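A.B. asks: Got a structure for you, written out below as structure tokens; questions coming shortly.
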Amino acid sequence: MNPTTQADLGTPESILEEIVTVEIDGLPARVKAGSTIMRAARESGVDVPKLCATDSVKPFGSCRLCLVEVEGRNGYPASCTTIVEEGMKISTQTDALARLRRNVMELYISDHPLDCLTCAANGDCELQDMAGAVGLRDVRYGYAGENHLDAEIDDSNPYFSFDPSKCIVCSRCVRACDEVQGTFALTIEGRGFESKVAASINESFIDSECVSCGACVQACPTATLMEKSIIDNGQPDHSVLTTCAYCGVGCSFKADMKGDQVVRMTPYKDGQANHGHSCVKGRFAWGYSTHKERVLDPMIRESTDDPWRKVGWEEAISYAAQRFKDIQKEYGRKSVGGITSSRCTNEEVFIVQKLVRAAFGNNNVDTCARVCHSPTGYGLKQTLGTSAGTQPFDSVMDADVIIVIGANPTDAHPVFASQMKRRLREGAKLIVVDPRHIDLVRSPHVCADYHLPLLPGTNVPIINALAHTIVSEGLVDEEYVNERCDLDSFAAWKECVLKPENSPESVAEISGVPAEVIRGAARLYGSAENGAIYYGLGVTEHSQGSTMVMGMANLAMATGNIGFSGRGVNPLRGQNNVQGSCDMGSFPHELPGYRPVQDDEVRGLFEKLWGVELDPEPGYRIPNMFDAAIAGQYKGMYIQGEDLAQSDPNTQHVEAALGSMECIVVQDLFLNETAKFAHVFLPGTSFLEKDGTFINAERRINRVRPVMKPRQGKAEWLITQELAQALGYDMSYSNEAEIMDEIAELTPTFANVSFKFLDEVGSVQWPCNEKAPMGTPIMHIGEFVRGKGLFIETDYVPTEERTNRKFPLLLTTGRTLTQYNVGAQTRRTDNVVWYKEDLLEIHPHDAETRGINDGDRVSLSSRKGDITLTAVVTEKVQTGVVYTTFHDPETGANVVTTEYSDWATSCPEYKVTAVQVAPAVHRSKWQHQFEKRAKKQGKILETS
Ligand code: SF4
Ligand code: SF4
Ligand code: SF4
Ligand code: FES
């Protein structure tokens, strides 16, 4: 067996608690009732041979290799499908069993190419292992008969190949696709000798419904489904446990290594967020870390008209520090600031915010959460008392009714989506609130009970109408509210939601969702034993984002749906460490742990440890930074791993702001869009080079471990530390663990956290301190963090952004499965096979009235600007609504988005832009400018 192979106990763990005693090969064993004999044996250290069984899917009982003898029973039951009983006496090794197993293996091998020595799976093949285990020495049937040895290889998927000549038709792949992933892309076609694995209706993998999650590859016991990286590079010799650096699910992976080269990322079975599952991004799209466009040398330039000049680290850092110092001298202490990255580790983020506060001497620090989940932080803190989701992902398995609002989990949080779909297949009910017909509305074996296809911008009326129905129809959990919530606020909220304008009939008129659908959904959620809300950026990225978050918390409190497994209000966080970057004090008004900078006592703690006086005034938020830059008051910015020029709304305004600054330092992997405005480029590290922690959407602190040395020669925290030192502030950590120790010392919710502790326990969900030494999977048990749950009235204040004759359609934006955020990483992987550009989805009716056909180039214009892109005519969007993604800088989706933002947090209103779509006549002015800048960006002088 390969040293990187994970243990396989043959069949899934029994869910029963009761213990039974059995005898296996003469030795007593105590195992869970409901276990299969195979599982019981393997847990007791006895390996029963197997081929069609694996512990990630239900047993199937087809290969007949796992036969055992049970005293008092006739024949030879399959151990993978036979359940243990109290007192059962089992023999796994007898002469009769050995003969039977050899026979089975002979049949398999007689239709298998015997090229083990040159096979990519050599050393990691269960068929090979089983041949050895049963002592197979010859094959009596010969190889002359009919066989599948000439079956054609399907190489269409960029990441794995399918070689049917090696298939033993065990159906592990089919079951993995059904049960683990929930895509149902594979079937066993034909019968008997003709049986074969087929993708969709006998298509190639690339043309089938397969979403490249890799579950089938993981499950395959032979070399039939095999990673191309293993075929090309050979088997790994060791592995390092780490965490995916894409979305907020935070999947654990084994980076399987051959020497110092990564040859595969294998989802880790004991990963507490993913339980051995993965999606196409984490599993396969890691090649960007060695992409040829990655910048590995620090670079500087006087002006953005100059070409970049490669320099040494010392020169780059002292150049940046000097420019910041000069700016502060000329324009004042508050004229510079920094942005932390939700892609970086907590340790890297912590010291960037520390640099801003301690070395720049102000609080001008913000993070990309500003433009995604800042309303979550605000809304949940106001109502419940803490700025984070309430449940672990596993809680969904106890949910009876699930509401998904403004989130598209199958694309943006695929591993959690698979878990949710598993629960839905078990019978949980589903309500989808989304302007688009997302996959969850209807996909194989999943059909939403209610889909509320609301018009973008009408979330708040919908949540109010749901609440109206729940209150007016007596579905409030009075006992829960009386016991746990603030009753004055509850009374005021009740009055608010009962207003006539919040009735389903009134809301139907503005949202476009029929009143009976709203009522039906409300009744379903309101009468659920366990009702769970999951939401995404379709909630937060609105001018009423914070109102909507509070509206959902109100609804959950009113129905008693917080503080128990299966319930809760759960933000699906976009980026891998967006929770962590917020926790680490990346906001201008809060120190780590969400404590106000104005609080003298809190500030005092930090001042004492950091040996510096801190500014008591909150600093600029990102939009304020841009406005101040245009006003000539904000001149320098240190940007860690964030592409403001592509990801922030109203691109031309952002570009004007960046273009007016005197020193922009970009720390990133690639020369991104923001780097076009930069004066210093400090190359960053990929997650494969980082040592630290990420925090996922369920507050889980996961370890990130380096599998290679920083390719550009310096850890990112060290770059920040040296910049702080060059600015005159003494930072002197010797490693990442020390930074976490300081975080724990200063942040009560992290008090018990250290690298050592995480390495021992795997991962932990904060708060993790004296009160909760092993962390807190479910928040607000028994009592809300703030004491009594606070209801907040959620009157609807419509956005200023309205459709009119000139801009009659509403644009909303989102993500697609194979791409991630601004696409900087995923566009530099083979994921581009599935996604070449941002597309504009438009309803057939809207397309027809504009003379637009599927695949046409169209112009998309708003009052902020216009771009051209390719149209997809589809009923996924309703009439009056168009949709696009923002992964491609060349498309410039944010050229059209506006300056409107959430009233409480300034989170931009990406989800509602009044636009017009027309056949494209020429490329937009902005796109011409983009091309010009791109040419200039390419100019780099080799040495200083
Ligand atoms: S990669 Fe995933 S989706 Fe595709 S066939 Fe395999 S299990 Fe199914
Ligand atoms: S492809 Fe692999 S997992 Fe699927 S049936 Fe064939 S051998 Fe089994
Ligand atoms: S679901 Fe998210 S964390 Fe998990 S592998 Fe995919 S991108 Fe990575
Ligand atoms: S492993 Fe039990 S029948 Fe195949």
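Residue numbering restarts at 1 for every chain of the structure tokens, chains are lettered A, B, ... in their displayed order, and ligands are numbered from 1 as they appear.
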Determine, counting only C-alpha atoms, which protein, DNA and RNA residues have an atom within 12 Å of an atom of A:Val764; residues of the same chain fewer than 6 positions away are not included. Present the result as a list in words.
C.D. replies: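 Counting only C-alpha atoms, the residues come to Gly271, Gln272, Ala273, Pro392, Thr693, Phe694, Ile695, Asn696, Glu698, Arg699, Arg700, Ile701, Asn702, Arg703, Thr749, Phe750, Asn752, Val753, Ser754, Phe755, Phe757, Leu758, Ala772, Pro773, Met774, Gly775, Thr776, Pro777 and Ile778 of chain A.
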A.B. asks: Would you list the residues that come within 7 Å of ligand 1? Count only C-alpha atoms and all ligand atoms and give the answer as a VMD selection string.
C.D. replies: chain A and resid 173 176 to 177 181 183 to 186 199 209 to 217
A.B. asks: Select, from A:Arg323, A:Lys258, A:Arg603, A:Lys806, the residue with the minimum atom-to-atom distance to A:Tyr638, counting only C-alpha atoms.
C.D. replies: A:Arg323
A.B. asks: Go through A:Ser161, A:Ser418, A:Gln322, A:Ser506 one by one, measure the shortest atom-to-atom distance of each to A:Gln725 using only C-alpha atoms, and give the residue with the smallest value.
C.D. replies: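 Distance minimum relative to A:Gln725 lands on A:Gln322.
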A.B. asks: Of the residues A:Ala40, A:Cys220, A:Val249, A:Val84, which is the one nearest to ligand 3, using only C-alpha atoms and all ligand atoms?
C.D. replies: A:Val249
A.B. asks: Give one line per residue of chain A that approaches ligand 3 to at most 6 Å, naming the two atoms of the closest pair and their distance in Å to one decimal, counting only C-alpha atoms and all ligand atoms; sort by chain then ascending residue number and deliver it as a tab-separated table.
C.D. replies:
residue	atom	partner	partner_atom_place_in_ligand_line	distance
A:Cys244	CA	ligand 3	8 (Fe)	4.6
A:Tyr246	CA	ligand 3	7 (S)	4.4
A:Cys247	CA	ligand 3	2 (Fe)	3.9
A:Gly248	CA	ligand 3	3 (S)	5.9
A:Val249	CA	ligand 3	3 (S)	4.4
A:Gly250	CA	ligand 3	3 (S)	4.0
A:Cys251	CA	ligand 3	4 (Fe)	4.2
A:Ser278	CA	ligand 3	5 (S)	4.3
A:Cys279	CA	ligand 3	6 (Fe)	4.1
A:Lys281	CA	ligand 3	7 (S)	5.0
A:Gly282	CA	ligand 3	5 (S)	3.6
A:Arg283	CA	ligand 3	5 (S)	5.8
A:His413	CA	ligand 3	1 (S)	4.9
A:Pro414	CA	ligand 3	1 (S)	4.7
A:Val415	CA	ligand 3	1 (S)	4.3
A.B. asks: Could you produce a table of the residues of chain A lying within 7 Å of ligand 4, with the nearest pair of atoms per residue and their separation in Å rounded to one decimal, using only C-alpha atoms and all ligand atoms, ordered by chain and increasing residue number, as a tab-separated table?
C.D. replies:
residue	atom	partner	partner_atom_place_in_ligand_line	distance
A:Lys50	CA	ligand 4	1 (S)	3.8
A:Leu51	CA	ligand 4	1 (S)	4.7
A:Cys52	CA	ligand 4	4 (Fe)	3.9
A:Ala53	CA	ligand 4	1 (S)	4.2
A:Phe60	CA	ligand 4	3 (S)	6.5
A:Gly61	CA	ligand 4	3 (S)	3.4
A:Ser62	CA	ligand 4	3 (S)	4.5
A:Cys63	CA	ligand 4	4 (Fe)	3.8
A:Arg64	CA	ligand 4	3 (S)	4.1
A:Leu65	CA	ligand 4	4 (Fe)	5.4
A:Cys66	CA	ligand 4	2 (Fe)	4.5
A:Leu67	CA	ligand 4	2 (Fe)	6.8
A:Ala78	CA	ligand 4	2 (Fe)	5.2
A:Ser79	CA	ligand 4	2 (Fe)	5.8
A:Cys80	CA	ligand 4	2 (Fe)	4.3
A:Thr81	CA	ligand 4	2 (Fe)	6.6
A.B. asks: Let me see if you get this right: every residue at most 7 Å from ligand 2, counting only C-alpha atoms and all ligand atoms, written as a list in words.
C.D. replies: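 Residues satisfying the distance criterion: Pro164, Lys166, Cys167, Ile168, Val169, Cys170, Ser171, Arg172, Cys173, Val174, Val197, Cys216, Ala219, Cys220, Pro221, Thr222, Thr224 and Leu225 of chain A.
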A.B. asks: Those selected residues, please, written with all heavy atoms and delivered as a compact mmCIF listing (two decimals), in the first residue's frame.
C.D. replies:
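What ended up in again.txt:
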# COMPACT_ATOMS: atom_id res chain seq x y z
N PRO A 164 -11.29 2.18 -19.37
CA PRO A 164 -12.25 1.10 -19.08
C PRO A 164 -11.63 -0.29 -19.15
O PRO A 164 -12.20 -1.24 -18.61
CB PRO A 164 -13.34 1.25 -20.14
CG PRO A 164 -12.99 2.42 -20.96
CD PRO A 164 -11.63 2.90 -20.61
N LYS A 166 -9.36 -1.31 -17.51
CA LYS A 166 -8.94 -1.70 -16.16
C LYS A 166 -10.12 -1.76 -15.18
O LYS A 166 -9.94 -1.98 -13.98
CB LYS A 166 -7.88 -0.72 -15.66
CG LYS A 166 -6.64 -0.82 -16.52
CD LYS A 166 -5.48 -0.04 -16.04
CE LYS A 166 -4.26 -0.46 -16.87
NZ LYS A 166 -3.15 0.40 -16.77
N CYS A 167 -11.32 -1.55 -15.72
CA CYS A 167 -12.49 -1.45 -14.85
C CYS A 167 -12.97 -2.84 -14.40
O CYS A 167 -13.07 -3.75 -15.20
CB CYS A 167 -13.61 -0.74 -15.61
SG CYS A 167 -15.08 -0.53 -14.63
N ILE A 168 -13.25 -2.95 -13.12
CA ILE A 168 -13.77 -4.23 -12.61
C ILE A 168 -15.27 -4.13 -12.31
O ILE A 168 -15.85 -4.99 -11.66
CB ILE A 168 -12.99 -4.68 -11.34
CG1 ILE A 168 -13.06 -3.59 -10.26
CG2 ILE A 168 -11.55 -5.03 -11.69
CD1 ILE A 168 -12.54 -4.06 -8.90
N VAL A 169 -15.87 -3.05 -12.77
CA VAL A 169 -17.32 -2.81 -12.65
C VAL A 169 -17.80 -3.02 -11.19
O VAL A 169 -18.82 -3.68 -10.95
CB VAL A 169 -18.13 -3.67 -13.65
CG1 VAL A 169 -19.51 -3.05 -13.88
CG2 VAL A 169 -17.42 -3.76 -14.97
N CYS A 170 -17.06 -2.45 -10.29
CA CYS A 170 -17.43 -2.58 -8.87
C CYS A 170 -18.47 -1.54 -8.47
O CYS A 170 -19.03 -1.61 -7.39
CB CYS A 170 -16.19 -2.42 -8.00
SG CYS A 170 -15.46 -0.77 -8.09
N SER A 171 -18.63 -0.53 -9.34
CA SER A 171 -19.63 0.53 -9.14
C SER A 171 -19.34 1.46 -7.96
O SER A 171 -20.21 2.22 -7.55
CB SER A 171 -21.02 -0.12 -9.06
OG SER A 171 -21.77 0.32 -8.04
N ARG A 172 -18.12 1.40 -7.46
CA ARG A 172 -17.78 2.34 -6.40
C ARG A 172 -17.87 3.78 -6.91
O ARG A 172 -18.29 4.69 -6.21
CB ARG A 172 -16.37 2.05 -5.86
CG ARG A 172 -16.39 0.96 -4.82
CD ARG A 172 -15.04 0.33 -4.52
NE ARG A 172 -14.02 1.24 -4.01
CZ ARG A 172 -12.94 0.82 -3.34
NH1 ARG A 172 -12.76 -0.49 -3.11
NH2 ARG A 172 -12.04 1.66 -2.94
N CYS A 173 -17.46 3.98 -8.16
CA CYS A 173 -17.50 5.33 -8.74
C CYS A 173 -18.94 5.83 -8.86
O CYS A 173 -19.25 6.98 -8.55
CB CYS A 173 -16.83 5.34 -10.10
SG CYS A 173 -17.49 4.12 -11.24
N VAL A 174 -19.81 4.93 -9.30
CA VAL A 174 -21.22 5.32 -9.50
C VAL A 174 -21.82 5.71 -8.16
O VAL A 174 -22.50 6.74 -8.02
CB VAL A 174 -22.02 4.14 -10.13
CG1 VAL A 174 -23.48 4.52 -10.30
CG2 VAL A 174 -21.40 3.73 -11.45
N VAL A 197 -19.13 1.15 -17.11
CA VAL A 197 -19.42 2.46 -16.52
C VAL A 197 -19.66 3.46 -17.65
O VAL A 197 -18.90 3.52 -18.61
CB VAL A 197 -18.23 2.93 -15.65
CG1 VAL A 197 -18.44 4.36 -15.19
CG2 VAL A 197 -18.05 2.01 -14.46
N CYS A 216 -15.33 10.03 -7.64
CA CYS A 216 -15.25 8.71 -8.29
C CYS A 216 -13.79 8.27 -8.40
O CYS A 216 -13.47 7.09 -8.23
CB CYS A 216 -15.91 8.76 -9.67
SG CYS A 216 -15.25 10.02 -10.75
N ALA A 219 -12.73 6.96 -5.18
CA ALA A 219 -13.34 5.68 -4.81
C ALA A 219 -12.82 4.52 -5.64
O ALA A 219 -12.91 3.37 -5.22
CB ALA A 219 -14.86 5.79 -4.97
N CYS A 220 -12.29 4.80 -6.82
CA CYS A 220 -11.92 3.72 -7.74
C CYS A 220 -10.76 2.89 -7.18
O CYS A 220 -9.71 3.43 -6.85
CB CYS A 220 -11.54 4.32 -9.09
SG CYS A 220 -11.15 3.03 -10.30
N PRO A 221 -10.93 1.58 -7.10
CA PRO A 221 -9.87 0.75 -6.51
C PRO A 221 -8.76 0.39 -7.49
O PRO A 221 -7.76 -0.22 -7.11
CB PRO A 221 -10.62 -0.51 -6.08
CG PRO A 221 -11.77 -0.61 -7.02
CD PRO A 221 -12.14 0.79 -7.41
N THR A 222 -8.95 0.72 -8.75
CA THR A 222 -7.96 0.35 -9.77
C THR A 222 -7.44 1.61 -10.46
O THR A 222 -7.73 2.72 -10.03
CB THR A 222 -8.62 -0.56 -10.83
OG1 THR A 222 -9.62 0.21 -11.50
CG2 THR A 222 -9.27 -1.78 -10.20
N THR A 224 -8.48 2.64 -13.24
CA THR A 224 -9.45 3.01 -14.27
C THR A 224 -9.70 4.51 -14.26
O THR A 224 -9.63 5.18 -15.29
CB THR A 224 -10.78 2.25 -14.04
OG1 THR A 224 -10.47 0.90 -13.81
CG2 THR A 224 -11.70 2.41 -15.22
N LEU A 225 -10.05 5.03 -13.09
CA LEU A 225 -10.20 6.47 -12.95
C LEU A 225 -8.97 6.96 -12.19
O LEU A 225 -8.74 6.58 -11.04
CB LEU A 225 -11.48 6.79 -12.16
CG LEU A 225 -12.77 6.65 -12.97
CD1 LEU A 225 -13.97 6.48 -12.04
CD2 LEU A 225 -12.96 7.84 -13.89
A.B. asks: For A:Met661, please output as a PyMOL selection string all residues within 12 Å (counting only C-alpha atoms; exclusion window: fewer than 4 positions along the same chain).
C.D. replies: chain A and resi 303-304+323-324+327+331+335-337+625-638+654-657+665+674+677-679
A.B. asks: Take the residues that were just selected and, keeping C-alpha atoms, output them as a PDB file, in the first residue's frame.
C.D. replies:
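Written output follows (again12.pdb):
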ATOM      1  CA  SER A 303       5.841  56.043 -11.585  1.00  0.00           C
ATOM      2  CA  THR A 304       3.233  53.770 -13.107  1.00  0.00           C
ATOM      3  CA  ARG A 323       7.705  56.303   0.233  1.00  0.00           C
ATOM      4  CA  PHE A 324       5.166  55.721   2.998  1.00  0.00           C
ATOM      5  CA  ILE A 327       3.781  60.607   2.258  1.00  0.00           C
ATOM      6  CA  TYR A 331       0.120  64.671   4.014  1.00  0.00           C
ATOM      7  CA  SER A 335      -2.806  59.590   4.563  1.00  0.00           C
ATOM      8  CA  VAL A 336      -1.798  55.932   4.291  1.00  0.00           C
ATOM      9  CA  GLY A 337      -3.432  52.597   5.135  1.00  0.00           C
ATOM     10  CA  MET A 625     -10.218  55.353   1.120  1.00  0.00           C
ATOM     11  CA  PHE A 626     -11.166  55.767  -2.542  1.00  0.00           C
ATOM     12  CA  ASP A 627     -13.086  58.970  -1.913  1.00  0.00           C
ATOM     13  CA  ALA A 628     -10.253  60.385   0.202  1.00  0.00           C
ATOM     14  CA  ALA A 629      -7.751  59.424  -2.509  1.00  0.00           C
ATOM     15  CA  ILE A 630      -9.729  61.305  -5.130  1.00  0.00           C
ATOM     16  CA  ALA A 631      -9.981  64.243  -2.722  1.00  0.00           C
ATOM     17  CA  GLY A 632      -6.156  64.211  -2.418  1.00  0.00           C
ATOM     18  CA  GLN A 633      -6.064  63.221   1.275  1.00  0.00           C
ATOM     19  CA  TYR A 634      -5.186  59.540   1.009  1.00  0.00           C
ATOM     20  CA  LYS A 635      -1.962  58.783  -0.803  1.00  0.00           C
ATOM     21  CA  GLY A 636      -0.480  55.422   0.092  1.00  0.00           C
ATOM     22  CA  MET A 637      -1.776  51.897   0.503  1.00  0.00           C
ATOM     23  CA  TYR A 638      -0.286  48.496   1.354  1.00  0.00           C
ATOM     24  CA  VAL A 654     -11.722  52.758  -8.245  1.00  0.00           C
ATOM     25  CA  GLU A 655      -9.201  53.275 -11.033  1.00  0.00           C
ATOM     26  CA  ALA A 656      -9.391  57.046 -10.605  1.00  0.00           C
ATOM     27  CA  ALA A 657      -8.724  56.618  -6.879  1.00  0.00           C
ATOM     28  CA  VAL A 665       2.333  48.426  -2.622  1.00  0.00           C
ATOM     29  CA  THR A 674      -4.451  46.683  -9.007  1.00  0.00           C
ATOM     30  CA  PHE A 677      -1.480  51.261 -10.409  1.00  0.00           C
ATOM     31  CA  ALA A 678       1.259  50.062  -8.064  1.00  0.00           C
ATOM     32  CA  HIS A 679       4.761  51.351  -7.364  1.00  0.00           C
TER      33      HIS A 679
END
A.B. asks: When you count only C-alpha atoms, which of these residues is closest to A:Tyr733: A:Ile562, A:Ile351, A:Met584, A:Ala417?
C.D. replies: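 For A:Tyr733, the nearest of the given residues is A:Ile351.
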A.B. asks: Can you tell me, as a PyMOL selection string, what residues are no more than 10 Å from A:Asp55 when counting only C-alpha atoms, ignoring any on the same chain fewer than 2 positions away?
C.D. replies: chain A and resi 7-13+39+53+57-59+80+219+269
A.B. asks: Counting only C-alpha atoms, which residue out of A:Lys756, A:Asp256, A:Gly728, A:Pro618 sits closest to A:Asp599?
C.D. replies: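 Ranking A:Lys756, A:Asp256, A:Gly728, A:Pro618 by distance to A:Asp599, first place goes to A:Pro618.
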A.B. asks: What's around stretch 783-785 of chain A at 7 Å? Count only C-alpha atoms, leave out sequence neighbours fewer than 2 positions away in its own chain, and write the answer as an MDAnalysis selection string.
C.D. replies: chainID A and resid 384:386 484 780:781 787:789
A.B. asks: How close does each residue of stretch 645-722 of chain A get to stretch 368-371 of chain A, giving the shortest atom pair and distance in Å to one decimal for every residue with an atom at most 10 Å away, counting only C-alpha atoms, sorted by chain and residue number, as JSON lines?
C.D. replies:
{"residue": "A:Ser647", "atom": "CA", "partner": "A:Val371", "partner_atom": "CA", "distance": 8.4}
{"residue": "A:Asp648", "atom": "CA", "partner": "A:Val371", "partner_atom": "CA", "distance": 7.1}
{"residue": "A:Pro649", "atom": "CA", "partner": "A:Val371", "partner_atom": "CA", "distance": 8.7}
A.B. asks: Create the file for the chosen residues now, containing C-alpha atoms and written as a PDB file, in the first residue's frame.
C.D. replies:
ATOM      1  CA  SER A 647     -13.277  43.154  -7.412  1.00  0.00           C
ATOM      2  CA  ASP A 648     -14.628  46.460  -6.184  1.00  0.00           C
ATOM      3  CA  PRO A 649     -17.675  48.094  -7.756  1.00  0.00           C
TER       4      PRO A 649
END
A.B. asks: Near stretch 791-793 of chain A, within 6 Å and counting only C-alpha atoms, which residues show up once chain neighbours fewer than 6 positions away are dropped, as an MDAnalysis selection string?
C.D. replies: chainID A and resid 489:490 493 554
